[in-house]
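Q: One structure coming up, written as structure tokens, with questions to follow.
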Amino acid sequence: MYRFLLTPRWIALHVVVLLVIPAFVFLGRWQFGRFEERSANSHDVTANLAAAPVPLESLAGQGVKEADRFRTVTATGTYDPAHALVVRRRPQDGRPGFYVLTPLKLADSRAVIVNRGWVKVGATADTPPDVPAPPGGQVTVTGRLRLGETEESSGIKERPGLPPGQVLLIDPASIGKGLPYRLLDGYVELTRQQPATDPAPAPVPEPDVGAGGGLNFAYGVQWWLFIGVAVGGWILLIRREVADRKRGETTGSETAGSEAAGSEDSAKDGASSGPKDGAGSGADDAASRAANGGGSSGSPADPANRSESISGG
């Protein structure tokens with residue numbers, strides 16, 4: 001009954017199912033891993049955003065760590081507008097624009113890049129945007145500590161030939177090569193400063209921590225549900241094939257039995273009708289001869305009989 005499972009068509013189906021199951025297991029595990037990573041990242045970022053501000057030098061003096069991303073920091077110094085830059089291709093609220101970078105020189109002769117906010121583009125992408133000037137004198141800034149950007153981390157490819165004062169990446173290591181002082185690692189995303197200025201670049205919104213990878217968890221469950229669908233469909237196809245084959249065998253047996261019964265009835269009808277027909281035919285012939293005088297000599301059609309009838313008459 002189940003020998004059909006060894007036919008080439010079914011063997012191909014078995015192979016597909018056996019390949020699909022581990023693939024779906026892997027994809028589900030990968031999504032669950034992404035869920036754990038994003039949940040941990042969401043937790044860390046949320047905690048850093050809610051933490052009390054700390055001095056910048058305590059976190060960025062020896063290099064910014066991954067765990068310190070978006071930690072609120074404070075720094076005091078003076079802006080250096082002569083070495084200010086703008087960052088291209090930074091849309092905000094659905095509008096194209098630039099980020100405004102201005103070095104903040106600290107008391108120890110070092111400096112840190114401050115992202116003062118966002119401004120809209122000029123007439124063209126190569127036209128210098130209208131950037132509000134930073135406050136003069138000593139300022140105290142408060143902002144979110146960020147890691148320096150790279151091509152790998154941002155997905156943005158740096159390219160030469162940009163207009164003066166424009167960059168594509170916020171990379172302190174690269175920007176610091178053209179400055180007369182040393183930059184601290186990372187940069188500060190400004191949230192407030194004293195004294196404040198008006199007008200000022202638009203603040204950069206807080207990061208969207210999302211649902212902590214909730215979609216990844218749903219995708220993982222979905223991939224594992226697909227395993228049940230694949231196995232269930234495979235079993236359903238086998239059961240349907242078995243049912244079809246049983247139905248075919250039952251139909252074939254009934255047809256053969258009907259044909260055999262028909263042949264037997266025909267044979268019985270032939271045997272019973274043959275002798276009766278022969279006897280009846282012989283009796284009819286005998287009765288006919290008796291009625292005609294017992295033979296051909298007494299037949300009215302005989303010429304001799306007709307002559308006698310005429311003479312006697």
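Lettering and numbering for the structure tokens are positional, with chains as A, B, ... in the shown order, residues counted from 1 in each chain, and ligands counted from 1 in the shown order.
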Write out as a VMD selection string which residues come within 10 Å of Gly176 of chain A when counting only C-alpha atoms, dropping same-chain ones fewer than 4 positions away.
A: chain A and resid 103 111 to 113 171 to 172 180 to 185
Q: Run DSSP on the backbone and tell me which residues of segment 54-168 of chain A come out as alpha helix (DSSP H); list them as a PyMOL selection string.
A: chain A and resi 57-60+151-154
Q: For the residues selected in the previous step, produce a file with N, CA, C and O atoms as a PDB file, in the first residue's frame.
A:
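Written output follows (out30.pdb):
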```
ATOM      1  N   GLU A  57      34.337  63.851  30.267  1.00  0.00           N
ATOM      2  CA  GLU A  57      35.665  63.251  30.361  1.00  0.00           C
ATOM      3  C   GLU A  57      35.652  61.907  31.077  1.00  0.00           C
ATOM      4  O   GLU A  57      36.517  61.066  30.856  1.00  0.00           O
ATOM      5  N   SER A  58      34.647  61.645  31.913  1.00  0.00           N
ATOM      6  CA  SER A  58      34.599  60.378  32.652  1.00  0.00           C
ATOM      7  C   SER A  58      34.229  59.207  31.748  1.00  0.00           C
ATOM      8  O   SER A  58      34.507  58.056  32.095  1.00  0.00           O
ATOM      9  N   LEU A  59      33.631  59.510  30.591  1.00  0.00           N
ATOM     10  CA  LEU A  59      33.228  58.439  29.682  1.00  0.00           C
ATOM     11  C   LEU A  59      34.016  58.437  28.379  1.00  0.00           C
ATOM     12  O   LEU A  59      34.284  57.377  27.822  1.00  0.00           O
ATOM     13  N   ALA A  60      34.386  59.607  27.885  1.00  0.00           N
ATOM     14  CA  ALA A  60      35.034  59.685  26.580  1.00  0.00           C
ATOM     15  C   ALA A  60      36.541  59.887  26.666  1.00  0.00           C
ATOM     16  O   ALA A  60      37.206  59.935  25.632  1.00  0.00           O
ATOM     17  N   GLU A 151      31.837  53.797   7.882  1.00  0.00           N
ATOM     18  CA  GLU A 151      31.073  53.271   6.748  1.00  0.00           C
ATOM     19  C   GLU A 151      30.356  51.981   7.114  1.00  0.00           C
ATOM     20  O   GLU A 151      29.231  51.727   6.652  1.00  0.00           O
ATOM     21  N   GLU A 152      30.996  51.150   7.925  1.00  0.00           N
ATOM     22  CA  GLU A 152      30.393  49.871   8.306  1.00  0.00           C
ATOM     23  C   GLU A 152      29.202  50.062   9.241  1.00  0.00           C
ATOM     24  O   GLU A 152      28.164  49.403   9.094  1.00  0.00           O
ATOM     25  N   SER A 153      29.324  50.955  10.208  1.00  0.00           N
ATOM     26  CA  SER A 153      28.252  51.127  11.184  1.00  0.00           C
ATOM     27  C   SER A 153      27.078  51.923  10.646  1.00  0.00           C
ATOM     28  O   SER A 153      25.933  51.720  11.060  1.00  0.00           O
ATOM     29  N   SER A 154      27.342  52.843   9.720  1.00  0.00           N
ATOM     30  CA  SER A 154      26.283  53.717   9.209  1.00  0.00           C
ATOM     31  C   SER A 154      25.723  53.284   7.866  1.00  0.00           C
ATOM     32  O   SER A 154      24.587  53.638   7.517  1.00  0.00           O
TER      33      SER A 154
END
```
Q: Considering only C-alpha atoms, give me a table of residues in segment 31-132 of chain A that are at most 12 Å from segment 199-206 of chain A, with the closest atom pair and distance in Å for each, as a tab-separated table.
A:
```
residue	atom	partner	partner_atom	distance
A:Val45	CA	A:Glu206	CA	10.3
A:Thr46	CA	A:Glu206	CA	10.3
A:Asn48	CA	A:Glu206	CA	11.7
A:Leu49	CA	A:Glu206	CA	8.7
A:Ala50	CA	A:Glu206	CA	11.6
A:Phe70	CA	A:Glu206	CA	9.0
A:Arg71	CA	A:Glu206	CA	11.6
A:Thr72	CA	A:Glu206	CA	11.5
A:Val86	CA	A:Pro201	CA	11.5
A:Arg90	CA	A:Val204	CA	10.4
A:Pro91	CA	A:Val204	CA	10.5
A:Gln92	CA	A:Val204	CA	8.1
A:Asp93	CA	A:Pro205	CA	9.5
A:Gly97	CA	A:Ala202	CA	10.7
A:Phe98	CA	A:Pro201	CA	9.8
A:Tyr99	CA	A:Pro201	CA	8.5
A:Val100	CA	A:Pro201	CA	7.5
A:Leu101	CA	A:Pro201	CA	10.5
A:Thr102	CA	A:Pro201	CA	11.7
A:Val114	CA	A:Val204	CA	11.7
A:Asn115	CA	A:Val204	CA	8.5
A:Arg116	CA	A:Pro201	CA	6.4
A:Gly117	CA	A:Pro203	CA	4.7
A:Trp118	CA	A:Ala202	CA	4.9
A:Val119	CA	A:Pro201	CA	5.7
A:Lys120	CA	A:Pro201	CA	9.2
A:Pro129	CA	A:Pro201	CA	11.2
A:Asp130	CA	A:Pro201	CA	9.6
A:Val131	CA	A:Pro201	CA	7.2
A:Pro132	CA	A:Ala200	CA	5.5
```
Q: Step one, run DSSP on the backbone; step two, keep only residues of segment 45-207 of chain A assigned to strand (DSSP E); then write them as a PyMOL selection string.
A: chain A and resi 54-55+72-79+85-87+97-105+110-120+138-146+166-167+182-194
Q: Find the residue from A:His83, A:Ser42, A:Ala218, A:Leu225 that sits nearest to Lys177 of chain A; use only C-alpha atoms when measuring.
A: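 Smallest distance to Lys177 of chain A is found for A:His83.
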Q: Please report the interatomic distance between atom CA of Val17 of chain A and atom CA of Arg245 of chain A in Å with one decimal.
A: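 Rounded to one decimal, the two atoms are 22.7 Å apart.
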Q: So, counting only C-alpha atoms, which residue among A:Thr140, A:Gln166, A:Thr124, A:Thr197 is closest to Val73 of chain A?
A: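 Looking only at the distances to Val73 of chain A, the closest residue turns out to be A:Thr140.
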